[in-house]
>>> print(open('data_10.cif').read())   # mmCIF, C-alpha atoms
data_query
loop_
_atom_site.label_atom_id
_atom_site.label_comp_id
_atom_site.auth_asym_id
_atom_site.auth_seq_id
_atom_site.Cartn_x
_atom_site.Cartn_y
_atom_site.Cartn_z
CA MET X 1 0.00 0.00 0.00
CA ILE X 2 1.41 3.41 -1.05
CA CYS X 3 0.62 6.54 0.93
CA LEU X 4 1.08 10.29 0.48
CA SER X 5 3.34 12.63 2.43
CA GLU X 6 3.24 16.42 2.66
CA GLU X 7 6.28 16.53 0.40
CA ALA X 8 4.68 14.31 -2.22
CA ILE X 9 1.68 16.62 -2.55
CA THR X 10 3.88 19.37 -3.98
CA ARG X 11 5.06 17.16 -6.86
CA SER X 12 3.45 16.78 -10.28
CA ASN X 13 4.38 14.70 -13.30
CA SER X 14 4.33 15.76 -16.95
CA SER X 15 2.99 12.31 -17.82
CA SER X 16 0.32 10.37 -15.99
CA SER X 17 -2.22 7.61 -16.47
CA ALA X 18 -5.26 6.13 -14.79
CA PRO X 19 -7.47 3.05 -15.12
CA ILE X 20 -10.46 3.46 -17.47
CA ILE X 21 -13.09 0.79 -16.88
CA PRO X 22 -16.31 -0.07 -18.77
CA ASP X 23 -19.65 0.07 -16.97
CA SER X 24 -21.67 -2.51 -18.87
CA SER X 25 -24.97 -1.47 -17.27
CA SER X 26 -24.83 2.10 -18.61
CA GLY X 27 -22.45 1.91 -21.58
CA VAL X 28 -20.08 4.54 -20.20
CA PHE X 29 -16.42 4.31 -19.18
CA MET X 30 -15.19 5.25 -15.70
CA ILE X 31 -11.84 6.81 -14.83
CA LYS X 32 -10.42 5.95 -11.40
CA PHE X 33 -8.51 8.70 -9.55
CA HIS X 34 -8.21 10.24 -6.10
CA ILE X 35 -8.98 13.70 -4.78
CA GLY X 36 -8.02 15.58 -1.65
CA THR X 37 -5.69 15.09 1.30
CA PRO X 38 -6.13 12.43 2.57
CA PRO X 39 -7.00 10.99 -0.86
CA VAL X 40 -10.54 9.82 -1.58
CA GLN X 41 -11.10 7.35 -4.41
CA VAL X 42 -13.41 8.52 -7.20
CA PHE X 43 -14.81 6.83 -10.29
CA GLY X 44 -15.82 9.52 -12.79
CA ILE X 45 -17.47 9.13 -16.21
CA ALA X 46 -14.98 9.85 -19.00
CA ASP X 47 -16.57 12.65 -21.03
CA ILE X 48 -14.80 14.18 -24.03
CA GLY X 49 -17.82 16.48 -24.49
CA THR X 50 -17.36 18.31 -21.16
CA ASP X 51 -14.64 20.65 -19.91
CA LEU X 52 -15.10 20.90 -16.15
CA THR X 53 -14.53 17.85 -13.96
CA TRP X 54 -17.06 17.72 -11.15
CA ILE X 55 -17.69 15.45 -8.17
CA GLN X 56 -20.79 15.03 -6.04
CA CYS X 57 -19.96 16.67 -2.71
CA SER X 58 -21.63 16.70 0.68
CA SER X 59 -22.66 19.83 2.55
CA SER X 60 -24.79 20.71 5.54
CA SER X 61 -27.84 21.04 3.26
CA ASN X 62 -27.09 18.06 1.03
CA ASN X 63 -26.51 14.68 2.57
CA ASN X 64 -27.55 11.71 0.43
CA ASN X 65 -26.14 8.40 -0.71
CA ASN X 66 -24.73 9.88 -3.93
CA ASN X 67 -22.16 12.06 -2.13
CA ILE X 68 -18.62 10.74 -2.56
CA PHE X 69 -16.45 13.64 -1.37
CA ASP X 70 -16.68 15.79 1.74
CA PRO X 71 -14.50 18.89 1.22
CA LYS X 72 -14.33 19.53 4.97
CA ASN X 73 -12.15 16.43 5.33
CA SER X 74 -9.50 17.57 2.84
CA LYS X 75 -6.75 19.86 4.12
CA THR X 76 -5.79 20.89 0.56
CA PHE X 77 -9.31 21.92 -0.51
CA ARG X 78 -10.07 25.58 -1.19
CA ASN X 79 -13.06 27.44 -2.55
CA ILE X 80 -12.88 29.64 -5.64
CA SER X 81 -14.43 33.09 -5.64
CA CYS X 82 -16.18 34.92 -8.46
CA GLY X 83 -13.31 37.39 -8.73
CA SER X 84 -10.64 34.73 -9.27
CA ASP X 85 -8.90 33.94 -12.56
CA GLU X 86 -9.98 30.29 -12.21
CA CYS X 87 -13.66 31.24 -12.18
CA GLY X 88 -13.16 33.15 -15.41
CA LEU X 89 -12.02 29.94 -17.13
CA LEU X 90 -15.31 28.13 -16.57
CA ASP X 91 -18.04 28.02 -19.21
CA GLU X 92 -21.22 28.11 -17.16
CA THR X 93 -21.01 30.20 -13.99
CA ARG X 94 -23.41 32.25 -11.90
CA CYS X 95 -21.66 35.02 -10.09
CA GLY X 96 -22.44 38.15 -8.10
CA GLU X 97 -19.88 40.02 -6.04
CA GLU X 98 -16.20 39.15 -6.45
CA GLU X 99 -16.04 37.65 -2.95
CA GLN X 100 -18.96 35.31 -3.49
CA PRO X 101 -18.47 31.62 -4.38
CA CYS X 102 -18.04 30.80 -8.07
CA ASP X 103 -21.15 28.72 -8.80
CA PHE X 104 -21.01 26.33 -11.76
CA LEU X 105 -23.71 24.65 -13.82
CA SER X 106 -23.36 21.54 -16.01
CA TYR X 107 -26.25 20.55 -18.27
CA TYR X 108 -26.55 17.19 -20.06
CA ARG X 109 -29.23 17.59 -22.69
CA ASP X 110 -29.38 13.93 -23.74
CA ASP X 111 -30.19 12.88 -20.15
CA ALA X 112 -32.09 16.06 -19.21
CA THR X 113 -29.81 16.29 -16.19
CA VAL X 114 -28.52 19.43 -14.46
CA VAL X 115 -25.69 19.52 -11.93
CA SER X 116 -24.88 22.67 -9.98
CA GLY X 117 -22.56 23.60 -7.15
CA GLU X 118 -19.43 25.59 -6.37
CA ALA X 119 -16.09 25.63 -8.16
CA ALA X 120 -13.09 24.71 -6.03
CA ALA X 121 -9.50 23.49 -6.19
CA ASP X 122 -7.83 20.46 -4.62
CA THR X 123 -5.11 17.87 -5.17
CA PHE X 124 -5.76 15.16 -7.78
CA THR X 125 -3.74 11.92 -7.66
CA PHE X 126 -3.39 9.34 -10.43
CA ASP X 127 -1.94 5.88 -9.85
CA ASN X 128 0.30 5.20 -12.84
CA ASN X 129 0.82 1.53 -11.99
CA ASN X 130 -2.42 0.20 -10.45
CA ILE X 131 -1.21 0.72 -6.90
CA ILE X 132 -3.37 1.27 -3.83
CA ILE X 133 -3.31 4.86 -2.59
CA SER X 134 -3.68 5.68 1.07
CA SER X 135 -3.00 8.61 3.34
CA ASN X 136 -0.12 8.10 5.71
CA ASN X 137 3.14 8.16 4.16
CA SER X 138 5.72 8.61 1.41
CA ASN X 139 6.75 9.70 -2.01
CA ASN X 140 6.34 7.22 -4.81
CA ASN X 141 7.27 7.49 -8.45
CA ASP X 142 4.17 5.51 -9.43
CA LEU X 143 1.97 8.40 -8.36
CA ALA X 144 1.23 11.49 -10.44
CA ILE X 145 0.13 14.21 -8.04
CA PHE X 146 -1.38 17.50 -9.21
CA PRO X 147 -2.11 20.19 -6.61
CA GLU X 148 -4.60 23.00 -7.18
CA VAL X 149 -6.71 21.30 -9.88
CA VAL X 150 -9.89 23.28 -10.52
CA PHE X 151 -13.08 21.20 -10.38
CA GLY X 152 -16.73 21.51 -9.43
CA CYS X 153 -18.20 20.42 -6.11
CA GLY X 154 -21.69 19.33 -7.11
CA TYR X 155 -24.31 20.02 -4.44
CA LYS X 156 -27.46 19.66 -6.55
CA ASN X 157 -28.08 16.88 -9.09
CA GLU X 158 -31.43 16.80 -10.89
CA GLY X 159 -32.73 14.86 -13.88
CA LYS X 160 -33.10 11.40 -15.37
CA ALA X 161 -29.48 10.40 -14.78
CA ILE X 162 -27.96 10.85 -11.32
CA TYR X 163 -24.21 10.97 -11.80
CA THR X 164 -21.66 11.02 -8.99
CA ALA X 165 -18.68 12.34 -10.94
CA VAL X 166 -17.71 13.32 -14.49
CA VAL X 167 -14.14 13.79 -15.78
CA GLY X 168 -14.08 16.58 -18.38
CA LEU X 169 -11.76 15.76 -21.31
CA ARG X 170 -12.71 18.46 -23.78
CA GLN X 171 -10.31 21.09 -25.16
CA GLY X 172 -11.30 24.06 -22.97
CA PRO X 173 -8.96 25.62 -20.35
CA SER X 174 -10.77 24.06 -17.38
CA SER X 175 -10.61 20.48 -18.71
CA ILE X 176 -8.47 17.92 -16.94
CA VAL X 177 -6.51 17.55 -20.20
CA ARG X 178 -5.38 21.17 -20.16
CA GLN X 179 -4.76 21.21 -16.42
CA ILE X 180 -2.61 18.08 -16.16
CA GLY X 181 -1.90 16.79 -19.67
CA GLY X 182 -1.14 19.94 -21.59
CA SER X 183 -2.16 19.15 -25.14
CA ARG X 184 -2.33 15.39 -25.47
CA PHE X 185 -4.20 12.38 -24.11
CA SER X 186 -5.03 8.89 -25.32
CA TYR X 187 -7.28 6.04 -24.31
CA CYS X 188 -7.93 2.45 -25.29
CA LEU X 189 -11.53 1.42 -24.61
CA THR X 190 -12.12 -2.27 -24.00
CA SER X 191 -15.14 -4.35 -24.85
CA SER X 192 -17.84 -4.13 -22.19
CA ASN X 193 -17.16 -7.71 -21.00
CA VAL X 194 -13.55 -6.87 -19.99
CA SER X 195 -14.01 -5.89 -16.35
CA ALA X 196 -10.36 -4.99 -15.77
CA GLY X 197 -10.51 -2.19 -18.33
CA SER X 198 -7.50 -0.41 -19.75
CA ARG X 199 -5.76 2.96 -19.22
CA ILE X 200 -6.10 6.59 -20.17
CA ARG X 201 -2.82 8.53 -20.53
CA PHE X 202 -2.02 12.23 -20.35
CA GLY X 203 1.02 14.21 -21.47
CA GLY X 204 4.12 12.88 -23.20
CA ASP X 205 3.27 9.20 -22.69
CA ALA X 206 -0.06 9.67 -24.45
CA ALA X 207 1.45 9.85 -27.94
CA VAL X 208 0.39 7.17 -30.42
CA THR X 209 3.70 6.20 -32.02
CA ALA X 210 3.68 6.53 -35.80
CA GLY X 211 3.74 3.25 -37.69
CA PRO X 212 2.28 1.42 -40.68
CA ASN X 213 -1.02 0.69 -38.90
CA VAL X 214 -1.56 4.19 -37.49
CA VAL X 215 -4.02 6.45 -39.32
CA SER X 216 -4.92 10.06 -38.50
CA THR X 217 -7.74 12.48 -39.16
CA PRO X 218 -7.54 16.25 -38.61
CA LEU X 219 -9.57 17.98 -35.92
CA LYS X 220 -12.04 20.49 -37.32
CA LYS X 221 -14.31 23.26 -36.24
CA ALA X 222 -18.02 22.59 -36.55
CA TYR X 223 -20.12 24.61 -38.97
CA SER X 224 -22.91 25.26 -36.45
CA PHE X 225 -21.14 25.18 -33.06
CA ASP X 226 -18.31 27.07 -31.42
CA ALA X 227 -17.79 24.61 -28.55
CA PRO X 228 -14.29 23.05 -28.14
CA ASN X 229 -15.47 19.52 -28.94
CA TYR X 230 -13.62 16.95 -31.04
CA TYR X 231 -15.12 17.43 -34.51
CA VAL X 232 -13.91 15.53 -37.58
CA ARG X 233 -15.16 14.93 -41.12
CA LEU X 234 -17.04 11.72 -41.89
CA GLU X 235 -16.83 10.83 -45.59
CA GLY X 236 -18.72 7.54 -45.66
CA ILE X 237 -19.14 3.96 -44.42
CA THR X 238 -18.39 0.82 -46.39
CA VAL X 239 -20.66 -2.19 -45.83
CA GLY X 240 -18.85 -5.24 -47.15
CA ASP X 241 -17.78 -4.00 -50.58
CA LYS X 242 -20.44 -1.26 -50.93
CA ARG X 243 -19.42 2.26 -50.00
CA LEU X 244 -22.11 4.62 -48.74
CA GLN X 245 -21.13 8.23 -49.28
CA PHE X 246 -21.97 10.61 -46.45
CA VAL X 247 -23.60 13.74 -47.90
CA ASP X 248 -23.89 16.57 -45.39
CA ARG X 249 -25.46 19.13 -47.76
CA MET X 250 -23.06 21.89 -46.76
CA THR X 251 -21.94 24.69 -49.04
CA PRO X 252 -18.46 24.36 -50.60
CA ALA X 253 -17.10 26.92 -48.12
CA LEU X 254 -18.22 24.69 -45.22
CA LYS X 255 -16.97 21.40 -46.65
CA ARG X 256 -13.71 21.81 -44.71
CA MET X 257 -15.54 21.85 -41.36
CA GLY X 258 -16.48 19.01 -39.04
CA ASN X 259 -19.70 17.09 -39.58
CA ILE X 260 -19.51 14.56 -36.70
CA VAL X 261 -18.33 14.80 -33.10
CA PHE X 262 -16.47 12.18 -31.03
CA ASP X 263 -18.48 11.22 -27.96
CA SER X 264 -17.24 8.97 -25.13
CA ARG X 265 -20.39 9.16 -22.98
CA THR X 266 -22.78 7.93 -25.68
CA ALA X 267 -22.46 4.25 -26.59
CA SER X 268 -24.04 4.15 -30.06
CA THR X 269 -22.99 6.17 -33.09
CA MET X 270 -25.70 8.64 -34.07
CA LEU X 271 -26.20 9.34 -37.79
CA PRO X 272 -28.60 11.58 -39.74
CA SER X 273 -31.77 9.62 -40.47
CA ASP X 274 -31.35 9.46 -44.24
CA PHE X 275 -27.78 8.15 -43.99
CA TYR X 276 -28.72 5.74 -41.19
CA ASN X 277 -31.49 4.33 -43.40
CA GLN X 278 -28.97 3.64 -46.16
CA LEU X 279 -26.71 1.83 -43.69
CA GLU X 280 -29.53 -0.26 -42.26
CA SER X 281 -30.81 -1.21 -45.72
CA ALA X 282 -27.34 -2.25 -46.87
CA LEU X 283 -26.97 -4.50 -43.82
CA VAL X 284 -30.45 -6.02 -44.14
CA ASN X 285 -29.88 -6.81 -47.82
CA THR X 286 -26.62 -8.57 -46.98
CA ILE X 287 -27.96 -10.46 -43.96
CA ASN X 288 -30.71 -11.71 -46.26
CA GLY X 289 -33.12 -13.06 -43.66
CA THR X 290 -30.76 -15.35 -41.77
CA GLY X 291 -31.65 -13.79 -38.41
CA LYS X 292 -35.00 -13.44 -36.64
CA ARG X 293 -35.72 -9.72 -36.70
CA VAL X 294 -37.54 -8.23 -33.67
CA PRO X 295 -38.63 -4.71 -32.64
CA ASP X 296 -35.95 -2.45 -31.22
CA PRO X 297 -36.54 -2.20 -27.44
CA ARG X 298 -34.69 1.12 -27.43
CA ARG X 299 -36.97 2.91 -29.90
CA GLY X 300 -40.06 0.87 -30.81
CA PRO X 301 -40.78 -1.03 -34.05
CA ALA X 302 -38.09 0.78 -36.05
CA GLY X 303 -34.43 -0.20 -35.80
CA LEU X 304 -32.38 -3.26 -36.64
CA CYS X 305 -32.52 -5.91 -33.93
CA TYR X 306 -32.45 -9.70 -33.82
CA ALA X 307 -33.46 -12.31 -31.28
CA GLY X 308 -30.60 -14.25 -29.74
CA ALA X 309 -27.18 -13.83 -31.32
CA ALA X 310 -26.27 -11.49 -34.14
CA PRO X 311 -26.63 -12.91 -37.66
CA LYS X 312 -23.52 -14.82 -38.66
CA ASP X 313 -23.18 -13.44 -42.15
CA TYR X 314 -23.29 -9.68 -41.65
CA PRO X 315 -20.47 -7.87 -43.45
CA ALA X 316 -17.57 -5.93 -42.03
CA LEU X 317 -17.94 -2.16 -41.69
CA THR X 318 -15.28 0.44 -42.46
CA VAL X 319 -15.77 4.02 -41.33
CA HIS X 320 -14.10 6.61 -43.55
CA PHE X 321 -12.93 9.82 -41.92
CA GLU X 322 -10.86 12.38 -43.78
CA GLY X 323 -7.45 10.69 -44.09
CA ALA X 324 -8.36 7.70 -41.90
CA ASP X 325 -10.20 4.47 -42.70
CA LEU X 326 -11.25 2.50 -39.59
CA ALA X 327 -12.04 -1.18 -40.14
CA LEU X 328 -14.37 -1.79 -37.21
CA PRO X 329 -14.14 -5.01 -35.19
CA ARG X 330 -17.14 -7.23 -35.90
CA GLU X 331 -18.28 -7.11 -32.29
CA SER X 332 -18.87 -3.36 -32.56
CA THR X 333 -21.70 -3.73 -35.12
CA PHE X 334 -24.28 -5.60 -33.03
CA VAL X 335 -24.47 -5.81 -29.22
CA GLU X 336 -26.96 -7.15 -26.72
CA VAL X 337 -28.98 -4.21 -25.42
CA VAL X 338 -29.51 -3.60 -21.71
CA GLU X 339 -33.21 -2.88 -22.31
CA LYS X 340 -34.02 -6.52 -23.14
CA LYS X 341 -31.92 -9.59 -22.51
CA GLY X 342 -31.47 -11.84 -25.51
CA VAL X 343 -31.91 -9.09 -28.10
CA VAL X 344 -28.97 -7.78 -30.13
CA CYS X 345 -29.24 -4.47 -31.99
CA LEU X 346 -27.28 -2.44 -34.48
CA THR X 347 -24.97 -0.03 -32.66
CA PHE X 348 -25.83 2.84 -35.00
CA LEU X 349 -28.97 4.94 -34.49
CA PRO X 350 -30.67 7.78 -36.37
CA THR X 351 -30.74 11.29 -34.96
CA SER X 352 -32.06 14.73 -35.84
CA GLU X 353 -29.30 16.25 -33.71
CA PHE X 354 -25.63 16.72 -34.59
CA PRO X 355 -24.05 13.33 -35.55
CA ALA X 356 -21.86 11.63 -32.94
CA PHE X 357 -19.28 8.83 -33.09
CA GLY X 358 -20.03 6.73 -30.01
CA ASN X 359 -17.78 4.72 -27.73
CA ILE X 360 -18.78 1.29 -29.08
CA GLN X 361 -17.15 2.10 -32.41
CA GLN X 362 -14.09 3.46 -30.58
CA ARG X 363 -13.41 0.22 -28.69
CA ASN X 364 -10.23 -1.74 -29.37
CA PHE X 365 -8.48 1.20 -30.96
CA LEU X 366 -5.70 3.12 -29.22
CA ILE X 367 -6.98 6.65 -29.86
CA GLY X 368 -4.72 9.65 -29.35
CA PHE X 369 -6.07 13.19 -29.16
CA ASP X 370 -3.31 15.64 -30.14
CA LEU X 371 -4.55 19.16 -29.47
CA GLN X 372 -1.30 20.84 -30.49
CA ASN X 373 -1.12 19.22 -33.93
CA ARG X 374 -4.91 19.24 -34.29
CA LYS X 375 -5.44 15.56 -35.08
CA ILE X 376 -6.77 12.25 -33.78
CA ASP X 377 -4.61 9.13 -34.25
CA PHE X 378 -5.92 5.55 -34.39
CA LEU X 379 -4.12 2.24 -33.91
CA PRO X 380 -6.06 -1.07 -33.92
CA THR X 381 -5.28 -2.61 -30.52
CA ASP X 382 -6.46 -5.35 -28.18
CA CYS X 383 -7.21 -2.86 -25.42
CA ALA X 384 -7.58 -5.57 -22.79
CA LYS X 385 -3.80 -6.00 -23.02
CA VAL X 386 -3.03 -2.30 -22.43
CA HIS X 387 -2.05 -1.75 -18.78
#
>>> encode(input="data_10.cif", output="structure tokens")
Amino acid sequence: MICLSEEAITRSNSSSSAPIIPDSSSGVFMIKFHIGTPPVQVFGIADIGTDLTWIQCSSSSNNNNNNIFDPKNSKTFRNISCGSDECGLLDETRCGEEEQPCDFLSYYRDDATVVSGEAAADTFTFDNNNIIISSNNSNNNDLAIFPEVVFGCGYKNEGKAIYTAVVGLRQGPSSIVRQIGGSRFSYCLTSSNVSAGSRIRFGGDAAVTAGPNVVSTPLKKAYSFDAPNYYVRLEGITVGDKRLQFVDRMTPALKRMGNIVFDSRTASTMLPSDFYNQLESALVNTINGTGKRVPDPRRGPAGLCYAGAAPKDYPALTVHFEGADLALPRESTFVEVVEKKGVVCLTFLPTSEFPAFGNIQQRNFLIGFDLQNRKIDFLPTDCAKVH
């Protein structure tokens, strides 16, 4: 068991890593880290669509079973005021006088969930080598310790999804990437049945080494959003030997901009309805009635689902981004849905919102986000072997 000393708390590493573990019941991935002094273990949802990391905190007016961190017990915790530079870095704040607490607000539209509380700073600790962290003792090179990390103490959590912590991995100044990793991070998401998970890396060790199997796509701005999300250009999807061209109906001046966003919190890939229909039809025509089709328990009669196992003869899918062709593992096309045991469904869904590339299609690729060089790198990898 490794513990932390006063001296260790002043140290920080340019490179760090942490376990990232699938939660099969919800389809998200959890990052394990510690906060405070003494350190408290936290499992936070990995979210590349959010900047601010927040944790459900306890207070005199909020004591429930979802609280996982009591700031009164941490000797390195401090509040952030409205007049501070840190408060100015946050996206959604509600402030009055400079001396008042810097209140934050995080809204998750897909889950109709709102989290609010106060911004603060405390020590974050990452275990680079799967060690056990405790509170009594000494320096250790396997720990990456970052004092004064800005985060949100969530005191109010309302909506359909009650989260306990979210780790913000977006590109904004308050994200954990910018605060501890500088301009680079990578992760390798395992299949949902791999309970041990894999690792997420920040800083210099997060680079995906160039090689013959590495492909890259440039990061883009989005034509209708100014948020610092990870936008890229989707060019099409090949089903077997048939390529479906993605037509986004943008003007020539906008063709250079992003038309799909990477999303780690959403499991399925969301496509515009007309393009989704082409994909579904191409798969159905190839499967040719060898599976027993059933209604989609996620969305009613529509959708592509089968009773029992997935059809044996469905073709391979290749996703074409600008400059990068991703041959998807077969297990990322159909999965058993949590809504009904014994039913497998296509892991792509139609949407009227902005398209999103979900975490199922990202699994078993080492994916590197390089903010400085404005690109995303991909390397096919058995992520269960990445420790």
>>> residues_around(input="data_10.cif", residues="Asn129 of chain X", least_positions_apart="3", cutoff="10 Å", atoms="only C-alpha atoms", output="list in words")
Ser16, Ser17, Ala18, Pro19, Phe126, Ile132, Asn141, Asp142, Leu143, Arg199 and His387 of chain X
>>> closest_residue(input="data_10.cif", among="X:Ser15, X:Ser25, X:Ser106, X:Thr347", to="Arg298 of chain X", atoms="only C-alpha atoms")
X:Thr347
>>> closest_residue(input="data_10.cif", among="X:Asp377, X:Asp85, X:Glu158, X:Asp325", to="Ala210 of chain X", atoms="only C-alpha atoms")
X:Asp377
>>> residues_around(input="data_10.cif", residues="segment 144-150 of chain X", least_positions_apart="6", cutoff="10 Å", atoms="all atoms listed in the file", output="PyMOL selection string")
chain X and resi 4+8-18+34-36+52-54+76-80+86-87+89-90+119-128+174-176+179-180
>>> resolve_selection(input="data_10.cif", expression="the PyMOL selection byres ((chain X and resi 270) around 10)", output="PDB file with C-alpha atoms, in the frame of the given file")
ATOM      1  CA  ILE X 260     -19.510  14.560 -36.700  1.00  0.00           C
ATOM      2  CA  VAL X 261     -18.330  14.800 -33.100  1.00  0.00           C
ATOM      3  CA  ASP X 263     -18.480  11.220 -27.960  1.00  0.00           C
ATOM      4  CA  THR X 266     -22.780   7.930 -25.680  1.00  0.00           C
ATOM      5  CA  ALA X 267     -22.460   4.250 -26.590  1.00  0.00           C
ATOM      6  CA  SER X 268     -24.040   4.150 -30.060  1.00  0.00           C
ATOM      7  CA  THR X 269     -22.990   6.170 -33.090  1.00  0.00           C
ATOM      8  CA  LEU X 271     -26.200   9.340 -37.790  1.00  0.00           C
ATOM      9  CA  PRO X 272     -28.600  11.580 -39.740  1.00  0.00           C
ATOM     10  CA  SER X 273     -31.770   9.620 -40.470  1.00  0.00           C
ATOM     11  CA  TYR X 276     -28.720   5.740 -41.190  1.00  0.00           C
ATOM     12  CA  THR X 347     -24.970  -0.030 -32.660  1.00  0.00           C
ATOM     13  CA  PHE X 348     -25.830   2.840 -35.000  1.00  0.00           C
ATOM     14  CA  LEU X 349     -28.970   4.940 -34.490  1.00  0.00           C
ATOM     15  CA  PRO X 350     -30.670   7.780 -36.370  1.00  0.00           C
ATOM     16  CA  THR X 351     -30.740  11.290 -34.960  1.00  0.00           C
ATOM     17  CA  SER X 352     -32.060  14.730 -35.840  1.00  0.00           C
ATOM     18  CA  GLU X 353     -29.300  16.250 -33.710  1.00  0.00           C
ATOM     19  CA  PHE X 354     -25.630  16.720 -34.590  1.00  0.00           C
ATOM     20  CA  PRO X 355     -24.050  13.330 -35.550  1.00  0.00           C
ATOM     21  CA  ALA X 356     -21.860  11.630 -32.940  1.00  0.00           C
ATOM     22  CA  PHE X 357     -19.280   8.830 -33.090  1.00  0.00           C
ATOM     23  CA  GLY X 358     -20.030   6.730 -30.010  1.00  0.00           C
TER      24      GLY X 358
END
>>> closest_residue(input="data_10.cif", among="X:Phe321, X:Glu280, X:Arg109, X:Lys32", to="Ala302 of chain X", atoms="only C-alpha atoms")
X:Glu280
>>> resolve_selection(input="data_10.cif", expression="the PyMOL selection byres ((chain X and resi 333) around 6)", output="MDAnalysis selection string")
chainID X and resid 330:332 334 346:347
>>> resolve_selection(input="data_10.cif", expression="the PyMOL selection byres ((chain X and resi 57) around 6)", output="list of chain:residue names")
X:Gln56, X:Ser58, X:Asn67, X:Phe69, X:Asp70, X:Cys153, X:Gly154, X:Tyr155
>>> atom_distance(input="data_10.cif", atom1="atom CA of Ser195 of chain X", atom2="atom CA of Gln171 of chain X")
28.6 Å
>>> residues_around(input="data_10.cif", residues="Gly83 of chain X", least_positions_apart="6", cutoff="12 Å", atoms="all atoms listed in the file", output="PyMOL selection string")
chain X and resi 89+93-103
>>> residues_around(input="data_10.cif", residues="Tyr231 of chain X", least_positions_apart="3", cutoff="10 Å", atoms="all atoms listed in the file", output="VMD selection string")
chain X and resid 218 to 223 225 227 to 228 234 257 to 263 355 to 357 375 to 376
>>> closest_residue(input="data_10.cif", among="X:Val114, X:Val284, X:Leu326, X:Leu169", to="Gly49 of chain X", atoms="all atoms listed in the file")
X:Leu169
>>> closest_residue(input="data_10.cif", among="X:Thr113, X:Thr164, X:Ser216, X:Gln41", to="Glu322 of chain X", atoms="all atoms listed in the file")
X:Ser216
>>> residues_around(input="data_10.cif", residues="Leu279 of chain X", least_positions_apart="4", cutoff="9 Å", atoms="only C-alpha atoms", output="short mmCIF file (atom, residue, chain, number, x, y, z; two decimals) with C-alpha atoms, in the coordinates of the input")
data_model
loop_
_atom_site.label_atom_id
_atom_site.label_comp_id
_atom_site.auth_asym_id
_atom_site.auth_seq_id
_atom_site.Cartn_x
_atom_site.Cartn_y
_atom_site.Cartn_z
CA ILE X 237 -19.14 3.96 -44.42
CA THR X 238 -18.39 0.82 -46.39
CA VAL X 239 -20.66 -2.19 -45.83
CA LEU X 244 -22.11 4.62 -48.74
CA ASP X 274 -31.35 9.46 -44.24
CA PHE X 275 -27.78 8.15 -43.99
CA LEU X 283 -26.97 -4.50 -43.82
CA VAL X 284 -30.45 -6.02 -44.14
CA PHE X 348 -25.83 2.84 -35.00
#
>>> atom_distance(input="data_10.cif", atom1="atom CA of Gly323 of chain X", atom2="atom CA of Leu189 of chain X")
22.0 Å
>>> atom_distance(input="data_10.cif", atom1="atom CA of Ser81 of chain X", atom2="atom CA of Arg170 of chain X")
23.4 Å
>>> closest_residue(input="data_10.cif", among="X:Val335, X:Val208, X:Asn229, X:Ser116", to="Ser264 of chain X", atoms="all atoms listed in the file")
X:Asn229
>>> residues_near_point(input="data_10.cif", point="(-16.4, 24.4, -11.1)", cutoff="6 Å", atoms="only C-alpha atoms", output="list in words")
Phe104, Glu118, Ala119, Phe151 and Gly152 of chain X
>>> write_last_selection(input="data_10.cif", atoms="C-alpha atoms", output="PDB file, in the frame of the given file")
ATOM      1  CA  PHE X 104     -21.010  26.330 -11.760  1.00  0.00           C
ATOM      2  CA  GLU X 118     -19.430  25.590  -6.370  1.00  0.00           C
ATOM      3  CA  ALA X 119     -16.090  25.630  -8.160  1.00  0.00           C
ATOM      4  CA  PHE X 151     -13.080  21.200 -10.380  1.00  0.00           C
ATOM      5  CA  GLY X 152     -16.730  21.510  -9.430  1.00  0.00           C
TER       6      GLY X 152
END
